[in-house]
Every structure is written in C-alpha cells, then in structure tokens.
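What follows is a set of notes on a single structure, which appears directly below.
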Amino acid sequence: MKGNWRDNLYIVTILFFILGFVNIIFAWLGFVCMILPFVFLAKDKKKTWCQRYCPRAGLFRKVFNGRSLTGKAAPSWLTKGRGKWIVLTYFMINLFILTMSTVMVFKGRREAMETVRFLIAFKLPWDMPQLLNIGGLPNWAIHLSYRMYSMMLTTTVLGLILAWLFLPRTWCTICPISTISDISLKKMNNKKQ
Ligand code: SF4
C-alpha cells in the first residue's frame with residue numbers, strides 16, 4: 001500500500017465490523033477506540049486521535065471525499081447548535097444502558113441480549129453469523145459485546161449518512177468523543193490560567 005500509513009487506518013473500522021461476524025467478542029475492541037482518544041488527549045493536551053489516527057473519520061474520508069451529495073457543510077443548527085449535545089446525551093444514555101444491562105446479566109437478573117440494535121431500539125432483522133465458536137464465554141461478556149457492536153454500528157452508520165449528505169467529516173462536529181475532549185481541554189486550559 002502506498003502513501004501515508006495513516007491513510008489506511010480506515011481499514012481498522014471495516015475489520016472491526018467484519019470481526020463481529022467471526023465472533024462478537026471482538027467487539028470489545030470498540031473500547032480501545034473509546035479509550036485511546038483520551039489517552040492521547042491526556043498525553044498531548046490536544047485531540048491527536050481526531051487529528052491523526054481515528055479509523056472512523058478515515059472511513060468517512062475514504063468513502064465520501066469528493067463524493068458527498070451536496071458537497072456543502074451541514075446546517076449550523078446541527079453542527080453548531082444543539083446537535084452535539086443531543087448526540088452526547090444519546091451516547092451517555094447508551095453507555096448507561098450498556099453498563100446497567102451488563103451488570104444485570106452478570107447478576108443473573110436478565111437474559112443476555114444476543115442481537116444487534118440500531119439506535120438502541122431497532123433490532124436488526126437478521127442474526128449475526130458467528131463463524132468462530134469460542135467456548136466458555138460468560139453471558140455478560142457476550143451481552144456487552146453485542147451492545148458495544150450496536151453502539152459502534154449506529155454511530156458509524158449515522159456518520160456515513162452525514163458524510164454522504166454533507167462533508168465527509170460532518171460526524172466529527174457532533175461526535176461525543178470530540179465533545180467530551182473539547183470539554184476536557186477547556187478545563188485543562190482553565191486550570192492553567
Ligand atoms: S470526532 Fe469522533 S469520529 Fe471524528 S475523528 Fe474524533 S473520534 Fe473520530
């Protein structure tokens with residue numbers, strides 16, 4: 001492969017979704033994608049992940065650079081208004097549901113949910129094939145994997161739709177990782193003053 005290796009990081013996003021078909025437990029890799037941006041933020045005091053490495057932003061660029069429907073920026077009510085706070089709220093609710101439901105499965109108070117859902121509520125009309133059988137996985141780990149896969153799928157599909165409609169990295173203007181990073185950076189800068 002030619003060019004900067006970072007240009008090919010979009011493959012990581014594609015691999016993530018393919019690995020879910022191999023065995024859903026690989027969805028735990030989604031946690032790496034959630035944690036690494038903040039590791040870089042703490043180390044560099046800037047959004048290094050977003051600026052250089054994010055495989056999801058790489059995918060948006062790869063698929064829609066120069067191919068977006070309008071080729072224009074998204075309306076400001078979405079990118080500069082309440083859009084990012086709505087997405088952040090969705091993300092926090094999703095994380096809460098993911099955590100609490102996993103704890104309940106762990107305690108045996110509910111069954112593991114072995115389905116992929118879009119936007120928390122909508123069950124995909126097919127079962128994920130599991131090409132590799134990994135025995136002995138606890139129910140709660142499988143449940144957590146499906147929930148993580150669902151969250152990653154939802155945000156990636158929304159990001160792809162926005163990239164198709166507007167500019168490739170429109171999702172980045174409302175991405176919860178970016179919003180939390182901005183809040184953290186603001187706090188760091190305030191402390192310095
Ligand atoms: S804003 Fe979100 S999608 Fe965009 S580069 Fe940062 S982490 Fe990736």
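We label chains A, B, ... in the order they appear in the structure tokens, count residues from 1 in each chain, and number ligands from 1 in the order shown.
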Enumerate as a PyMOL selection string the residues within 10 Å of ligand 1, counting only C-alpha atoms and all ligand atoms.
chain A and resi 33-34+36-38+47-60+155-156+159+169-181
So that I can check the secondary structure, give me every residue of chain A assigned alpha helix (DSSP H) by backbone DSSP, as a VMD selection string.
chain A and resid 10 to 22 29 to 44 48 55 to 64 76 to 79 83 to 106 139 to 165 176 to 192
Excluding Leu137 in chain A and residues on its chain fewer than 3 positions from it, collect all residues at most 12 Å away from it, counting only C-alpha atoms, and give them as a PyMOL selection string.
chain A and resi 23-26+112+133-134+140-145
Fewer than 6 positions away in the same chain doesn't count, so skip those; otherwise give me all residues within 10 Å of Ala73 in chain A, counting only C-alpha atoms, as a list in words.
Thr79, Leu162, Ala163, Leu165, Phe166, Leu167, Pro168, Arg169 and Thr170 of chain A
Shortest interatomic distance to Gly108 in chain A - which of A:Lys80, A:Thr154, A:Asn139, A:Tyr90, counting only C-alpha atoms:
A:Asn139
Rounded to one decimal, what separation in Å do you get between CA of Ala74 in chain A and CA of Val157 in chain A?
16.5 Å
Looking only at the backbone, which of the residues in chain A does DSSP tag as strand (DSSP E), as a list of chain:residue names?
A:Arg117, A:Phe118, A:Phe122, A:Lys123
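When only C-alpha atoms are used to measure the gap to Leu19 in chain A, the shortest distance among A:Val103, A:Leu124, A:Leu131, A:Val63 belongs to A:Leu131.
Across A:Phe96, A:Val12, A:Trp164, A:Val87, the tightest approach to Asn65 in chain A is made by A:Trp164 when counting only C-alpha atoms.
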So that I can see what lies close to Met152 in chain A, please list as a list in words the residues with an atom at most 12 Å from it, counting only C-alpha atoms and leaving out residues fewer than 5 positions away in the same chain.
Thr13, Ile14, Phe16, Phe17, Gly20, Ala27, Trp28, Leu29, Gly30, Phe31, Val32, Cys33, Met34, Arg56, Phe91, Asn94, Leu95, Val116, Arg117, Phe118, Leu119, Ile120, Ser145, Tyr146, Arg147, Val157, Leu158, Gly159 and Cys175 of chain A
The selected residues should be written to file as a CSV table (one decimal), in the first residue's frame (atoms: N, CA, C and O atoms).
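Result went into result_16.csv, see below:
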chain,number,residue,atom,x,y,z
A,13,THR,N,-11.7,0.2,10.9
A,13,THR,CA,-13.1,0.2,11.1
A,13,THR,C,-13.8,-0.9,10.3
A,13,THR,O,-14.7,-1.6,10.9
A,14,ILE,N,-13.4,-1.2,9.1
A,14,ILE,CA,-14.0,-2.3,8.3
A,14,ILE,C,-13.7,-3.6,9.0
A,14,ILE,O,-14.6,-4.4,9.2
A,16,PHE,N,-13.2,-4.1,12.1
A,16,PHE,CA,-13.9,-4.2,13.4
A,16,PHE,C,-15.3,-4.9,13.1
A,16,PHE,O,-15.7,-5.8,13.8
A,17,PHE,N,-16.0,-4.4,12.0
A,17,PHE,CA,-17.3,-4.9,11.8
A,17,PHE,C,-17.3,-6.3,11.2
A,17,PHE,O,-18.1,-7.1,11.5
A,20,GLY,N,-16.9,-8.9,14.0
A,20,GLY,CA,-18.1,-9.2,14.7
A,20,GLY,C,-18.8,-10.4,14.1
A,20,GLY,O,-19.6,-11.1,14.8
A,27,ALA,N,-15.9,-7.4,19.5
A,27,ALA,CA,-16.5,-6.0,19.6
A,27,ALA,C,-15.9,-5.3,20.8
A,27,ALA,O,-16.0,-4.1,20.9
A,28,TRP,N,-15.3,-6.1,21.7
A,28,TRP,CA,-14.6,-5.4,22.9
A,28,TRP,C,-13.5,-4.4,22.4
A,28,TRP,O,-13.1,-3.5,23.1
A,29,LEU,N,-13.0,-4.7,21.2
A,29,LEU,CA,-12.0,-3.7,20.6
A,29,LEU,C,-12.6,-2.3,20.5
A,29,LEU,O,-11.8,-1.4,20.4
A,30,GLY,N,-13.9,-2.2,20.5
A,30,GLY,CA,-14.5,-0.9,20.5
A,30,GLY,C,-14.1,0.0,21.7
A,30,GLY,O,-14.0,1.2,21.6
A,31,PHE,N,-13.8,-0.7,22.8
A,31,PHE,CA,-13.4,0.0,24.0
A,31,PHE,C,-12.0,0.7,23.7
A,31,PHE,O,-11.8,1.8,24.3
A,32,VAL,N,-11.2,0.1,22.9
A,32,VAL,CA,-9.9,0.7,22.6
A,32,VAL,C,-10.2,2.0,21.9
A,32,VAL,O,-9.5,3.0,22.2
A,33,CYS,N,-11.1,2.0,20.9
A,33,CYS,CA,-11.5,3.2,20.2
A,33,CYS,C,-12.0,4.3,21.1
A,33,CYS,O,-12.0,5.5,20.8
A,34,MET,N,-12.7,3.9,22.2
A,34,MET,CA,-13.2,4.9,23.1
A,34,MET,C,-12.2,5.4,24.1
A,34,MET,O,-12.3,6.6,24.5
A,56,ARG,N,-12.4,5.7,12.1
A,56,ARG,CA,-13.8,6.0,11.6
A,56,ARG,C,-13.8,7.3,10.8
A,56,ARG,O,-14.4,7.2,9.7
A,91,PHE,N,-25.4,9.2,23.6
A,91,PHE,CA,-24.2,8.4,24.0
A,91,PHE,C,-24.1,8.1,25.4
A,91,PHE,O,-23.9,6.9,25.8
A,94,ASN,N,-26.8,5.6,26.2
A,94,ASN,CA,-26.4,4.3,25.6
A,94,ASN,C,-25.4,3.6,26.6
A,94,ASN,O,-25.5,2.4,26.9
A,95,LEU,N,-24.4,4.4,27.0
A,95,LEU,CA,-23.4,3.9,28.0
A,95,LEU,C,-24.0,3.4,29.3
A,95,LEU,O,-23.7,2.3,29.8
A,116,VAL,N,-28.1,-7.4,17.5
A,116,VAL,CA,-27.6,-6.1,17.2
A,116,VAL,C,-28.8,-5.1,17.0
A,116,VAL,O,-29.8,-5.5,16.4
A,117,ARG,N,-28.6,-4.0,17.6
A,117,ARG,CA,-29.7,-3.0,17.6
A,117,ARG,C,-29.2,-1.7,17.0
A,117,ARG,O,-28.1,-1.3,17.3
A,118,PHE,N,-30.0,-1.0,16.2
A,118,PHE,CA,-29.7,0.3,15.7
A,118,PHE,C,-30.4,1.3,16.6
A,118,PHE,O,-31.6,1.2,16.9
A,119,LEU,N,-29.7,2.4,17.0
A,119,LEU,CA,-30.3,3.4,17.8
A,119,LEU,C,-31.0,2.8,19.1
A,119,LEU,O,-32.1,3.3,19.4
A,120,ILE,N,-30.3,1.9,19.7
A,120,ILE,CA,-30.8,1.2,20.9
A,120,ILE,C,-32.1,0.4,20.7
A,120,ILE,O,-32.2,-0.7,21.2
A,145,SER,N,-20.7,-7.4,24.4
A,145,SER,CA,-20.1,-7.3,23.0
A,145,SER,C,-21.2,-6.9,22.0
A,145,SER,O,-21.0,-6.0,21.2
A,146,TYR,N,-22.4,-7.4,22.2
A,146,TYR,CA,-23.5,-7.0,21.2
A,146,TYR,C,-23.9,-5.6,21.4
A,146,TYR,O,-24.2,-4.9,20.5
A,147,ARG,N,-23.9,-5.1,22.7
A,147,ARG,CA,-24.2,-3.7,23.0
A,147,ARG,C,-23.1,-2.8,22.4
A,147,ARG,O,-23.4,-1.8,21.8
A,157,VAL,N,-22.9,4.3,11.1
A,157,VAL,CA,-24.0,4.4,10.0
A,157,VAL,C,-24.4,5.9,10.0
A,157,VAL,O,-24.5,6.5,8.9
A,158,LEU,N,-24.7,6.5,11.2
A,158,LEU,CA,-25.1,7.9,11.2
A,158,LEU,C,-24.0,8.8,10.6
A,158,LEU,O,-24.3,9.7,9.8
A,159,GLY,N,-22.7,8.5,10.9
A,159,GLY,CA,-21.6,9.3,10.4
A,159,GLY,C,-21.5,9.1,8.9
A,159,GLY,O,-21.2,10.1,8.2
A,175,CYS,N,-19.6,14.4,17.2
A,175,CYS,CA,-19.2,13.2,17.8
A,175,CYS,C,-19.0,13.4,19.3
A,175,CYS,O,-18.3,14.3,19.7
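Computed from the coordinates, the CA of Lys62 in chain A to CA of Leu15 in chain A distance equals 14.8 Å.
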So how far away is CA of Leu153 in chain A from CA of Val105 in chain A, in Å?
22.1 Å
